[in-house]
Amino acid sequence: MSTLRWARHVTVATAALVMLATAACGPLVGAVDEPTVLAAASLTGVLPAINAAARFSFAGSDTLAFQIQQGAPADVFAAASPKYPQQLFAQGLVAQPRPFAINSLVLIVPRANPARITGLRDLSRDGVRIVLGDQGVPVGDYARQALAALGLSGVLRNVVSLEPNVKGVAAKVALGEADAGFVYATDVRPVRRKVRALRLPAAAQPDVEYQVAVLARAPHPAAARAFVRRLLSPTGRRILVDHGFRVPAG
Amino acid sequence: MGPSGAGKSSLLEAIAGLRSPRAGRITVGDACWFDADAGVALPPERRAAGVVFQDYALFPHMTVARNVAFGGRDRALEMMELTGIAHLAGARPGEISGGERQRTALARALASDPAVLLLDEPLAALDPGTRSEVRVGLARLIGRLAIPVLIVTHDMADAAALDCEVAVMDHGTIVQRGGHAELLARPATATVARLMGANLLPGTARPGPAGLTEVVLDAGGTVLSGEAGTGRVGVVVDPWDLTLAHGRPGDSQLNHITGTVASLTPTGNRMRVQVGPVVAEVTALSAERMGLATGAPVTVVFKALATRLVPLAG
Amino acid sequence: MRHGFTAIQALALSLALAFLVLPVVAVFLQVSPAAMLTQLGSETATQAIVVSLRTNLVADLIIIAVGTPAAWLLARHRVFPGRRLAVTLLELPLVLPPAVAGIALLVAFGRNGLLGHQLNALGLSIPFTEVAVVLAITFVAGPFYLRQAITAFEAVDPRLVQAAATLGAGPWRTFRSVVLPLALGGLAGGWALAFARGMGEFGATLIFAGSLPGVTQTLPLAIYSEMNRDLDAALAIGGLLIIIATAVLLAVKMIPSWNPTPASSPTSARRFATSSSTSR
């Protein structure tokens, strides 16, 4: 038997094997007709409560936007800011984004509060260790906006780490390694036994608007639209409020 | 000498300090290297024992010269000349022959100016072709050394060729000590008898009749051998290939040595009979029939084809 | 059938090569060398390069200084109570997810960690500093060197060590002039593995040391941070890491390896091993 024919057989067999394996995995992860949702890390707690059957991938909104640009096979994008959904909309990668929740930025400190922080002004004291979201990570950008609005940009020299997502900020403060960090109000819940949250002055409170959009090339468009509908429905809004979000009027 | 597992190598390792005995003392000259009762146990680097390992254990990443200098810089050159490896100074162990490796190991051990030289099967790693040649070189070298040399071997030919006192070890104890001829003639145990094996008759070889080699024995007389050889050789013949007779045989192909019985040593149901320079092994029954007794005249007969020739140091 | 089997093997090799090499090549196809150089000149990249090189250098010095004698001890004494346990514990970080390593380091050396009080009393605070990066790298990369070093030392013929001793060499001289040169190839292979692992360290560093440009942001952290902002910058840093890794791999293959020579058949020593000692 010639080498060439054998090679062809093997190629076909290998391809078949790969397809078989993929097919076998398919139903396992991509439940029959449920959408795949790429969602901001701050939505980790709430979205499964709204639709337990969907597949979720939680990460920084910027990371998710990057994945969508790279052709991630997902159906819905729920971001912690209008920035990325609008960007993707302009690029034709998602349908018209809709605002669905509003979060607020809070300052958290460890329960023991070793740096004795009672307000934003204390953050500029020498030796205070602050963690922020990285540049381009919404929670970080909101925090920088808030500090700039209060004329406290000098606080930035106390930053000891720029985290790739909000959970990183919350974890570092909860473990007591950092003295303070800016997170969303909704991120306080999972760590509420370990941290204390301080409100920001109204003047500095940014509008943390969450937007959701269906991906232009969603493999499950009907399921994606159903997911968004439920998210915007009275039930969805009630669950969001239960988890500490506010909801947009209307 | 001793069968494998007798503890020969362990003994060398104990002397070199590579193994700790449970009891006993090891002294070399006035120096005590080990004393279990007194709690003395010098580490190997503080014992002046030169060791040549069975596989030579040369440092593969060093040249021959650096290997030897590792033992001692000052004596390195002298020892390389003594062992005849000076021309190999720049070569690495992987690039030289087995015999050359053995001489490098010797030079290295000697360069450390040892108080005793320990050789563990120094010829075992060599192929049979080079073994006898290297054995001659070793014998010559040892003859020039002024320190005690302890050689472990399982090969009777080594013991015979090196012409030294032989201690036979079995199950961890030394069962007999003596010259080669003495052990051959009067083995204390069956193990000794089995180990000592063949007679070795030193002499000088020259071409003989009928394509045979004629060896003029140092002890007097001539022996014919089927093997080729010239110059200094040893005639090797197993005791059980010797037969005893009264009177001379007529066959010219047969060697014969006439003498009187020097000793009779029973080993099991056999009898070792020493006649002049050779030992014959016959059944106890035939020894009795022949009426052998110490001092009785007898002729030893053996075939030319039963002999082997090994080269000896001149 | 022999032909068929050979074909399968050849095909498997081609598949493996294509699959493993393609992504690496893709990085360089995506960014031109000129663009890559420009990107690497950016502040983020240069800072990350400095942080990565400095922390890895210190970590590797620690790993080699502590790991080498420890590995020699473990290789030399193959039987002692607790040896298996010790080796297993040393290898544990190999199989630990980096995130676990990071959080473990945090609860050990963090401000509120196991040793937090003692460290605080000394005025030391490790998280968010370069020290934390060094500890993270040492923790995850150290076992790679240790494991390889133990193997390398075990491969040194114990007879040679004994021979050195009988020639009057004390333990230090024996180690320096016999054991070390013979194990060097394996040690270098172990170091290369540790270095590569250390340069790529991400999870433990992020959790334990955080990510701050110029302080704790190493090259992999910079890639992650840049990926959302500037893909080309991320690719450039990725390309740099690939080049570094390739250089290390090549350098290690150039180190002479001393194979034990058989005593009876003379073979010339192989000065340059064709196979990496890392695969032993």
# chains A, B, ... in the order shown; residues from 1 in each chain; ligands from 1
$ select_by_dssp --residues "stretch 13-248 of chain A" --states "strand (DSSP E or B)" --output "short mmCIF file (atom, residue, chain, number, x, y, z; two decimals) with all heavy atoms, in the first residue's frame"
data_model
loop_
_atom_site.label_atom_id
_atom_site.label_comp_id
_atom_site.auth_asym_id
_atom_site.auth_seq_id
_atom_site.Cartn_x
_atom_site.Cartn_y
_atom_site.Cartn_z
N THR A 36 -25.02 32.06 24.59
CA THR A 36 -23.75 32.25 25.28
C THR A 36 -23.62 33.74 25.55
O THR A 36 -23.70 34.55 24.63
CB THR A 36 -22.59 31.78 24.39
OG1 THR A 36 -22.78 30.39 24.12
CG2 THR A 36 -21.27 32.00 25.07
N VAL A 37 -23.41 34.05 26.84
CA VAL A 37 -23.41 35.46 27.24
C VAL A 37 -22.02 35.86 27.73
O VAL A 37 -21.49 35.23 28.64
CB VAL A 37 -24.46 35.72 28.35
CG1 VAL A 37 -24.45 37.18 28.76
CG2 VAL A 37 -25.83 35.29 27.88
N LEU A 38 -21.46 36.87 27.08
CA LEU A 38 -20.21 37.43 27.57
C LEU A 38 -20.59 38.61 28.45
O LEU A 38 -21.20 39.56 27.97
CB LEU A 38 -19.34 37.90 26.41
CG LEU A 38 -19.02 36.85 25.33
CD1 LEU A 38 -18.12 37.47 24.27
CD2 LEU A 38 -18.35 35.64 25.96
N ALA A 39 -20.23 38.50 29.76
CA ALA A 39 -20.72 39.53 30.66
C ALA A 39 -19.62 40.09 31.55
O ALA A 39 -18.67 39.37 31.89
CB ALA A 39 -21.84 38.96 31.53
N ALA A 40 -19.78 41.35 31.90
CA ALA A 40 -18.82 42.01 32.79
C ALA A 40 -18.75 41.24 34.11
O ALA A 40 -19.74 40.69 34.58
CB ALA A 40 -19.26 43.45 33.05
N ARG A 55 -25.19 30.10 29.00
CA ARG A 55 -23.76 29.91 29.31
C ARG A 55 -23.15 31.28 29.50
O ARG A 55 -23.32 32.16 28.65
CB ARG A 55 -23.06 29.22 28.14
CG ARG A 55 -23.43 27.78 27.97
CD ARG A 55 -22.77 27.25 26.71
NE ARG A 55 -21.32 27.48 26.75
CZ ARG A 55 -20.59 27.62 25.67
NH1 ARG A 55 -21.13 27.59 24.49
NH2 ARG A 55 -19.29 27.80 25.78
N PHE A 56 -22.41 31.44 30.61
CA PHE A 56 -21.82 32.76 30.88
C PHE A 56 -20.31 32.70 30.84
O PHE A 56 -19.68 31.72 31.24
CB PHE A 56 -22.27 33.26 32.26
CG PHE A 56 -23.73 33.55 32.34
CD1 PHE A 56 -24.60 32.66 32.95
CD2 PHE A 56 -24.26 34.71 31.78
CE1 PHE A 56 -25.95 32.91 33.02
CE2 PHE A 56 -25.61 34.97 31.84
CZ PHE A 56 -26.47 34.08 32.46
N SER A 57 -19.73 33.79 30.34
CA SER A 57 -18.29 33.96 30.45
C SER A 57 -18.07 35.34 31.04
O SER A 57 -18.39 36.35 30.41
CB SER A 57 -17.65 33.85 29.06
OG SER A 57 -16.29 34.21 29.14
N PHE A 58 -17.60 35.37 32.29
CA PHE A 58 -17.42 36.65 32.97
C PHE A 58 -15.98 37.09 32.91
O PHE A 58 -15.06 36.32 33.18
CB PHE A 58 -17.87 36.53 34.44
CG PHE A 58 -19.33 36.25 34.60
CD1 PHE A 58 -19.78 34.99 34.94
CD2 PHE A 58 -20.26 37.26 34.39
CE1 PHE A 58 -21.14 34.73 35.08
CE2 PHE A 58 -21.61 37.01 34.54
CZ PHE A 58 -22.06 35.75 34.88
N ALA A 59 -15.77 38.35 32.56
CA ALA A 59 -14.42 38.90 32.52
C ALA A 59 -14.56 40.41 32.46
O ALA A 59 -15.68 40.94 32.49
CB ALA A 59 -13.66 38.38 31.32
N VAL A 76 -24.57 37.16 23.29
CA VAL A 76 -24.95 38.40 23.97
C VAL A 76 -23.72 39.01 24.63
O VAL A 76 -22.87 38.29 25.15
CB VAL A 76 -26.04 38.12 25.03
CG1 VAL A 76 -26.41 39.40 25.77
CG2 VAL A 76 -27.27 37.51 24.38
N PHE A 77 -23.63 40.34 24.59
CA PHE A 77 -22.56 41.04 25.27
C PHE A 77 -23.20 41.97 26.30
O PHE A 77 -23.97 42.87 25.93
CB PHE A 77 -21.72 41.82 24.25
CG PHE A 77 -20.60 42.62 24.85
CD1 PHE A 77 -19.88 42.16 25.95
CD2 PHE A 77 -20.24 43.85 24.30
CE1 PHE A 77 -18.84 42.90 26.49
CE2 PHE A 77 -19.20 44.60 24.84
CZ PHE A 77 -18.49 44.12 25.94
N ALA A 78 -22.91 41.75 27.59
CA ALA A 78 -23.42 42.62 28.65
C ALA A 78 -22.23 43.29 29.30
O ALA A 78 -21.44 42.63 29.98
CB ALA A 78 -24.22 41.82 29.67
N ALA A 79 -22.09 44.62 29.06
CA ALA A 79 -20.88 45.31 29.49
C ALA A 79 -21.16 46.27 30.61
O ALA A 79 -22.30 46.72 30.81
CB ALA A 79 -20.28 46.06 28.30
N VAL A 94 -22.16 44.25 16.81
CA VAL A 94 -23.32 43.96 17.64
C VAL A 94 -24.50 44.80 17.16
O VAL A 94 -24.32 45.83 16.49
CB VAL A 94 -23.07 44.27 19.15
CG1 VAL A 94 -21.91 43.47 19.67
CG2 VAL A 94 -22.85 45.76 19.38
N ARG A 98 -28.64 48.27 24.42
CA ARG A 98 -29.70 48.86 25.26
C ARG A 98 -29.18 48.94 26.69
O ARG A 98 -28.63 47.99 27.23
CB ARG A 98 -30.93 47.95 25.25
CG ARG A 98 -31.39 47.52 23.86
CD ARG A 98 -32.53 48.37 23.36
NE ARG A 98 -33.64 48.50 24.29
CZ ARG A 98 -34.72 47.72 24.26
NH1 ARG A 98 -34.81 46.75 23.39
NH2 ARG A 98 -35.70 47.93 25.11
N PRO A 99 -29.36 50.11 27.35
CA PRO A 99 -28.98 50.19 28.77
C PRO A 99 -29.93 49.32 29.59
O PRO A 99 -31.12 49.24 29.29
CB PRO A 99 -29.16 51.67 29.11
CG PRO A 99 -30.01 52.24 28.03
CD PRO A 99 -29.88 51.38 26.81
N PHE A 100 -29.40 48.61 30.58
CA PHE A 100 -30.28 47.75 31.39
C PHE A 100 -30.04 47.85 32.88
O PHE A 100 -30.85 47.37 33.69
CB PHE A 100 -30.15 46.28 30.94
CG PHE A 100 -28.82 45.65 31.29
CD1 PHE A 100 -28.66 44.91 32.45
CD2 PHE A 100 -27.73 45.82 30.44
CE1 PHE A 100 -27.45 44.33 32.76
CE2 PHE A 100 -26.51 45.24 30.76
CZ PHE A 100 -26.36 44.50 31.91
N ALA A 101 -28.94 48.45 33.28
CA ALA A 101 -28.71 48.55 34.72
C ALA A 101 -27.77 49.71 34.99
O ALA A 101 -27.03 50.16 34.11
CB ALA A 101 -28.11 47.26 35.27
N ILE A 102 -27.84 50.21 36.21
CA ILE A 102 -26.93 51.28 36.61
C ILE A 102 -26.28 50.85 37.92
O ILE A 102 -26.95 50.35 38.84
CB ILE A 102 -27.69 52.61 36.81
CG1 ILE A 102 -28.26 53.09 35.46
CG2 ILE A 102 -26.75 53.68 37.37
CD1 ILE A 102 -29.24 54.21 35.60
N ASN A 103 -25.01 51.02 37.97
CA ASN A 103 -24.27 50.63 39.17
C ASN A 103 -23.66 51.89 39.73
O ASN A 103 -23.55 52.90 39.03
CB ASN A 103 -23.17 49.62 38.80
CG ASN A 103 -22.91 48.66 39.95
OD1 ASN A 103 -23.23 48.95 41.09
ND2 ASN A 103 -22.34 47.51 39.62
N LEU A 105 -20.27 53.53 41.94
CA LEU A 105 -18.90 53.26 42.34
C LEU A 105 -18.81 53.50 43.84
O LEU A 105 -19.35 54.48 44.35
CB LEU A 105 -17.98 54.23 41.58
CG LEU A 105 -16.51 53.93 41.54
CD1 LEU A 105 -16.27 52.64 40.77
CD2 LEU A 105 -15.75 55.08 40.89
N VAL A 106 -18.17 52.59 44.55
CA VAL A 106 -17.96 52.82 45.99
C VAL A 106 -16.49 52.57 46.31
O VAL A 106 -15.77 51.91 45.55
CB VAL A 106 -18.82 51.89 46.87
CG1 VAL A 106 -20.29 52.19 46.69
CG2 VAL A 106 -18.51 50.44 46.58
N LEU A 107 -16.09 53.14 47.43
CA LEU A 107 -14.73 52.90 47.91
C LEU A 107 -14.83 51.83 48.98
O LEU A 107 -15.63 51.95 49.90
CB LEU A 107 -14.16 54.20 48.50
CG LEU A 107 -12.73 54.13 49.03
CD1 LEU A 107 -11.76 53.98 47.88
CD2 LEU A 107 -12.41 55.38 49.85
N ILE A 108 -14.05 50.78 48.85
CA ILE A 108 -14.08 49.77 49.92
C ILE A 108 -12.75 49.77 50.66
O ILE A 108 -11.68 50.03 50.08
CB ILE A 108 -14.39 48.35 49.40
CG1 ILE A 108 -13.44 47.95 48.27
CG2 ILE A 108 -15.83 48.22 48.97
CD1 ILE A 108 -13.50 46.47 47.91
N VAL A 109 -12.85 49.48 51.96
CA VAL A 109 -11.64 49.35 52.80
C VAL A 109 -11.80 48.06 53.58
O VAL A 109 -12.93 47.60 53.78
CB VAL A 109 -11.51 50.56 53.77
CG1 VAL A 109 -11.31 51.84 52.98
CG2 VAL A 109 -12.70 50.65 54.70
N PRO A 110 -10.71 47.46 54.01
CA PRO A 110 -10.85 46.24 54.82
C PRO A 110 -11.58 46.55 56.11
O PRO A 110 -11.52 47.67 56.61
CB PRO A 110 -9.40 45.83 55.10
CG PRO A 110 -8.55 46.59 54.14
CD PRO A 110 -9.30 47.83 53.80
N ILE A 130 -3.46 51.64 47.46
CA ILE A 130 -4.73 51.64 46.73
C ILE A 130 -4.64 50.73 45.51
O ILE A 130 -3.61 50.70 44.84
CB ILE A 130 -5.06 53.09 46.28
CG1 ILE A 130 -5.15 54.00 47.52
CG2 ILE A 130 -6.36 53.12 45.49
CD1 ILE A 130 -5.14 55.46 47.18
N VAL A 131 -5.70 49.97 45.25
CA VAL A 131 -5.76 49.20 44.01
C VAL A 131 -6.90 49.73 43.15
O VAL A 131 -7.98 50.05 43.66
CB VAL A 131 -5.95 47.68 44.25
CG1 VAL A 131 -4.66 47.06 44.69
CG2 VAL A 131 -7.05 47.42 45.25
N LEU A 132 -6.61 49.82 41.88
CA LEU A 132 -7.60 50.30 40.92
C LEU A 132 -7.70 49.28 39.80
O LEU A 132 -6.81 48.45 39.62
CB LEU A 132 -7.17 51.64 40.31
CG LEU A 132 -7.07 52.88 41.19
CD1 LEU A 132 -6.69 54.08 40.32
CD2 LEU A 132 -8.39 53.15 41.89
N GLY A 133 -8.78 49.44 39.01
CA GLY A 133 -8.84 48.69 37.76
C GLY A 133 -7.83 49.31 36.80
O GLY A 133 -7.51 50.50 36.88
N VAL A 159 -1.24 54.30 44.19
CA VAL A 159 -1.75 53.06 43.59
C VAL A 159 -0.64 52.00 43.60
O VAL A 159 0.48 52.27 43.17
CB VAL A 159 -2.24 53.31 42.15
CG1 VAL A 159 -2.53 51.99 41.45
CG2 VAL A 159 -3.49 54.18 42.18
N VAL A 160 -0.95 50.83 44.14
CA VAL A 160 0.06 49.76 44.16
C VAL A 160 -0.22 48.67 43.12
O VAL A 160 0.64 47.85 42.83
CB VAL A 160 0.18 49.11 45.55
CG1 VAL A 160 0.76 50.10 46.54
CG2 VAL A 160 -1.16 48.58 46.02
N SER A 161 -1.42 48.65 42.57
CA SER A 161 -1.69 47.63 41.56
C SER A 161 -2.85 48.04 40.67
O SER A 161 -3.82 48.61 41.15
CB SER A 161 -2.00 46.29 42.22
OG SER A 161 -2.20 45.31 41.22
N LEU A 162 -2.69 47.75 39.39
CA LEU A 162 -3.76 47.99 38.43
C LEU A 162 -4.30 46.63 38.02
O LEU A 162 -3.64 45.88 37.32
CB LEU A 162 -3.20 48.75 37.21
CG LEU A 162 -2.68 50.17 37.53
CD1 LEU A 162 -1.97 50.75 36.32
CD2 LEU A 162 -3.80 51.08 37.97
N GLU A 163 -5.49 46.34 38.50
CA GLU A 163 -6.03 45.00 38.32
C GLU A 163 -6.76 44.87 36.98
O GLU A 163 -7.37 45.83 36.51
CB GLU A 163 -6.99 44.68 39.47
CG GLU A 163 -6.31 44.63 40.82
CD GLU A 163 -5.38 43.44 40.93
OE1 GLU A 163 -5.74 42.35 40.47
OE2 GLU A 163 -4.28 43.61 41.50
N ALA A 180 -7.36 50.27 50.26
CA ALA A 180 -8.60 50.77 49.69
C ALA A 180 -8.66 50.45 48.21
O ALA A 180 -7.62 50.26 47.58
CB ALA A 180 -8.71 52.29 49.89
N GLY A 181 -9.88 50.39 47.69
CA GLY A 181 -10.03 50.14 46.27
C GLY A 181 -11.41 50.60 45.83
O GLY A 181 -12.34 50.69 46.63
N PHE A 182 -11.50 50.93 44.55
CA PHE A 182 -12.79 51.34 44.00
C PHE A 182 -13.43 50.16 43.29
O PHE A 182 -12.82 49.56 42.40
CB PHE A 182 -12.60 52.49 43.01
CG PHE A 182 -12.26 53.80 43.68
CD1 PHE A 182 -10.93 54.19 43.83
CD2 PHE A 182 -13.26 54.62 44.17
CE1 PHE A 182 -10.61 55.40 44.46
CE2 PHE A 182 -12.94 55.83 44.79
CZ PHE A 182 -11.62 56.22 44.94
N VAL A 183 -14.67 49.85 43.70
CA VAL A 183 -15.40 48.76 43.06
C VAL A 183 -16.83 49.23 42.85
O VAL A 183 -17.22 50.32 43.30
CB VAL A 183 -15.40 47.48 43.90
CG1 VAL A 183 -13.99 46.97 44.10
CG2 VAL A 183 -16.09 47.70 45.24
N TYR A 184 -17.63 48.42 42.20
CA TYR A 184 -19.04 48.73 42.06
C TYR A 184 -19.76 48.34 43.34
O TYR A 184 -19.34 47.41 44.04
CB TYR A 184 -19.64 47.96 40.88
CG TYR A 184 -19.00 48.30 39.56
CD1 TYR A 184 -18.41 47.31 38.78
CD2 TYR A 184 -18.98 49.61 39.09
CE1 TYR A 184 -17.83 47.61 37.56
CE2 TYR A 184 -18.39 49.92 37.87
CZ TYR A 184 -17.81 48.92 37.11
OH TYR A 184 -17.23 49.24 35.94
N VAL A 195 -15.16 43.64 54.10
CA VAL A 195 -14.87 45.03 53.74
C VAL A 195 -15.99 45.95 54.22
O VAL A 195 -17.10 45.52 54.54
CB VAL A 195 -14.71 45.22 52.20
CG1 VAL A 195 -13.66 44.28 51.66
CG2 VAL A 195 -16.03 45.01 51.49
N ARG A 196 -15.66 47.23 54.26
CA ARG A 196 -16.65 48.26 54.54
C ARG A 196 -16.69 49.14 53.30
O ARG A 196 -15.64 49.43 52.72
CB ARG A 196 -16.19 49.05 55.75
CG ARG A 196 -17.33 49.67 56.52
CD ARG A 196 -16.82 50.45 57.71
NE ARG A 196 -15.92 49.64 58.56
CZ ARG A 196 -15.22 50.18 59.55
NH1 ARG A 196 -15.26 51.48 59.78
NH2 ARG A 196 -14.44 49.43 60.31
N ALA A 197 -17.90 49.53 52.88
CA ALA A 197 -18.02 50.36 51.68
C ALA A 197 -18.30 51.81 52.07
O ALA A 197 -19.07 52.08 52.99
CB ALA A 197 -19.15 49.84 50.80
N LEU A 198 -17.61 52.74 51.41
CA LEU A 198 -17.83 54.17 51.64
C LEU A 198 -18.43 54.76 50.38
O LEU A 198 -17.93 54.53 49.28
CB LEU A 198 -16.50 54.87 51.98
CG LEU A 198 -15.66 54.27 53.11
CD1 LEU A 198 -14.38 55.05 53.28
CD2 LEU A 198 -16.45 54.29 54.41
N ARG A 199 -19.51 55.53 50.55
CA ARG A 199 -20.16 56.18 49.41
C ARG A 199 -19.27 57.28 48.87
O ARG A 199 -18.52 57.93 49.58
CB ARG A 199 -21.48 56.82 49.84
CG ARG A 199 -22.63 55.88 49.93
CD ARG A 199 -23.84 56.66 50.50
NE ARG A 199 -24.94 55.75 50.74
CZ ARG A 199 -25.68 55.23 49.76
NH1 ARG A 199 -25.44 55.56 48.51
NH2 ARG A 199 -26.65 54.39 50.05
N VAL A 208 -22.56 54.72 36.08
CA VAL A 208 -22.02 53.44 35.63
C VAL A 208 -23.15 52.70 34.94
O VAL A 208 -23.91 51.98 35.56
CB VAL A 208 -21.45 52.63 36.80
CG1 VAL A 208 -20.80 51.36 36.29
CG2 VAL A 208 -20.46 53.47 37.58
N GLU A 209 -23.25 52.95 33.65
CA GLU A 209 -24.37 52.39 32.92
C GLU A 209 -23.98 51.07 32.26
O GLU A 209 -22.94 50.99 31.61
CB GLU A 209 -24.85 53.38 31.86
CG GLU A 209 -26.17 52.96 31.24
CD GLU A 209 -26.58 53.93 30.14
OE1 GLU A 209 -26.06 53.78 29.02
OE2 GLU A 209 -27.38 54.84 30.41
N TYR A 210 -24.79 50.07 32.44
CA TYR A 210 -24.55 48.77 31.81
C TYR A 210 -25.37 48.69 30.54
O TYR A 210 -26.54 49.07 30.52
CB TYR A 210 -24.96 47.64 32.75
CG TYR A 210 -23.98 47.40 33.87
CD1 TYR A 210 -23.66 48.42 34.76
CD2 TYR A 210 -23.39 46.15 34.04
CE1 TYR A 210 -22.76 48.21 35.79
CE2 TYR A 210 -22.49 45.93 35.08
CZ TYR A 210 -22.19 46.95 35.94
OH TYR A 210 -21.31 46.74 36.95
N GLN A 211 -24.74 48.22 29.49
CA GLN A 211 -25.48 48.06 28.24
C GLN A 211 -25.36 46.62 27.75
O GLN A 211 -24.35 45.96 27.97
CB GLN A 211 -24.94 49.02 27.18
CG GLN A 211 -25.23 50.47 27.54
CD GLN A 211 -25.14 51.40 26.35
OE1 GLN A 211 -24.66 51.02 25.28
NE2 GLN A 211 -25.65 52.61 26.51
N VAL A 212 -26.43 46.21 27.09
CA VAL A 212 -26.46 44.86 26.57
C VAL A 212 -26.74 44.91 25.08
O VAL A 212 -27.47 45.78 24.61
CB VAL A 212 -27.49 43.98 27.32
CG1 VAL A 212 -28.91 44.51 27.08
CG2 VAL A 212 -27.38 42.52 26.90
N ALA A 213 -26.13 44.00 24.33
CA ALA A 213 -26.38 43.97 22.90
C ALA A 213 -26.27 42.53 22.40
O ALA A 213 -25.52 41.73 22.95
CB ALA A 213 -25.37 44.85 22.17
N VAL A 214 -27.03 42.26 21.34
CA VAL A 214 -26.95 40.94 20.71
C VAL A 214 -25.86 41.00 19.65
O VAL A 214 -25.78 41.98 18.90
CB VAL A 214 -28.30 40.55 20.08
CG1 VAL A 214 -28.18 39.25 19.30
CG2 VAL A 214 -29.38 40.45 21.14
N LEU A 215 -25.05 40.00 19.60
CA LEU A 215 -23.96 40.00 18.63
C LEU A 215 -24.50 39.81 17.21
O LEU A 215 -25.46 39.06 17.00
CB LEU A 215 -22.97 38.87 18.94
CG LEU A 215 -21.80 39.27 19.84
CD1 LEU A 215 -22.30 39.64 21.23
CD2 LEU A 215 -20.79 38.16 19.90
N ARG A 246 -29.21 49.63 40.27
CA ARG A 246 -30.36 50.46 39.97
C ARG A 246 -30.72 50.15 38.53
O ARG A 246 -29.93 49.55 37.82
CB ARG A 246 -30.01 51.93 40.15
CG ARG A 246 -29.90 52.33 41.64
CD ARG A 246 -29.47 53.79 41.79
NE ARG A 246 -28.09 53.96 41.44
CZ ARG A 246 -27.63 55.03 40.77
NH1 ARG A 246 -28.46 55.96 40.35
NH2 ARG A 246 -26.34 55.13 40.49
#
$ residues_around --residues "stretch 198-211 of chain C" --least-positions-apart "5" --cutoff "9 Å" --atoms "only C-alpha atoms" --output "PyMOL selection string"
(chain A and resi 131+134+160-164+168+171-172) or (chain C and resi 52-53+55-56+59-60+97-106+110+126-142+193+216-222+225+241+245)
$ residues_around --residues "A:Gln205" --least-positions-apart "3" --cutoff "7 Å" --atoms "only C-alpha atoms" --output "MDAnalysis selection string"
chainID A and resid 104:105 146 200:202
$ write_last_selection --atoms "N, CA and C atoms" --output "CSV table (one decimal), in the first residue's frame"
chain,number,residue,atom,x,y,z
A,104,SER,N,-23.2,51.8,41.0
A,104,SER,CA,-22.5,53.0,41.5
A,104,SER,C,-21.2,52.6,41.9
A,105,LEU,N,-20.3,53.5,41.9
A,105,LEU,CA,-18.9,53.3,42.3
A,105,LEU,C,-18.8,53.5,43.8
A,146,ALA,N,-13.7,59.8,38.8
A,146,ALA,CA,-14.2,60.3,40.1
A,146,ALA,C,-13.1,61.1,40.8
A,200,LEU,N,-19.4,57.5,47.6
A,200,LEU,CA,-18.7,58.7,47.0
A,200,LEU,C,-19.7,59.9,47.0
A,201,PRO,N,-19.1,61.1,47.1
A,201,PRO,CA,-19.9,62.3,47.0
A,201,PRO,C,-20.7,62.3,45.7
A,202,ALA,N,-21.9,62.8,45.7
A,202,ALA,CA,-22.7,62.8,44.5
A,202,ALA,C,-22.0,63.4,43.3
$ select_by_dssp --residues "stretch 57-288 of chain B" --states "alpha helix (DSSP H)" --output "PyMOL selection string"
chain B and resi 64-71+73-82+98-111+128-143+156-162+180-185+190-196+284-288
$ decode --residues "stretch 181-193 of chain B" --atoms "C-alpha atoms" --output "tab-separated table (two decimals), in the first residue's frame"
chain	number	residue	atom	x	y	z
B	181	ALA	CA	51.88	-22.79	44.02
B	182	GLU	CA	51.17	-23.55	47.65
B	183	LEU	CA	47.45	-22.84	47.34
B	184	LEU	CA	47.30	-24.85	44.17
B	185	ALA	CA	48.97	-27.79	45.76
B	186	ARG	CA	47.38	-27.68	49.17
B	187	PRO	CA	43.99	-25.95	48.95
B	188	ALA	CA	42.35	-25.61	52.35
B	189	THR	CA	38.85	-25.80	50.94
B	190	ALA	CA	37.10	-26.90	47.78
B	191	THR	CA	36.56	-23.25	46.94
B	192	VAL	CA	40.29	-22.63	47.00
B	193	ALA	CA	40.91	-25.65	44.85
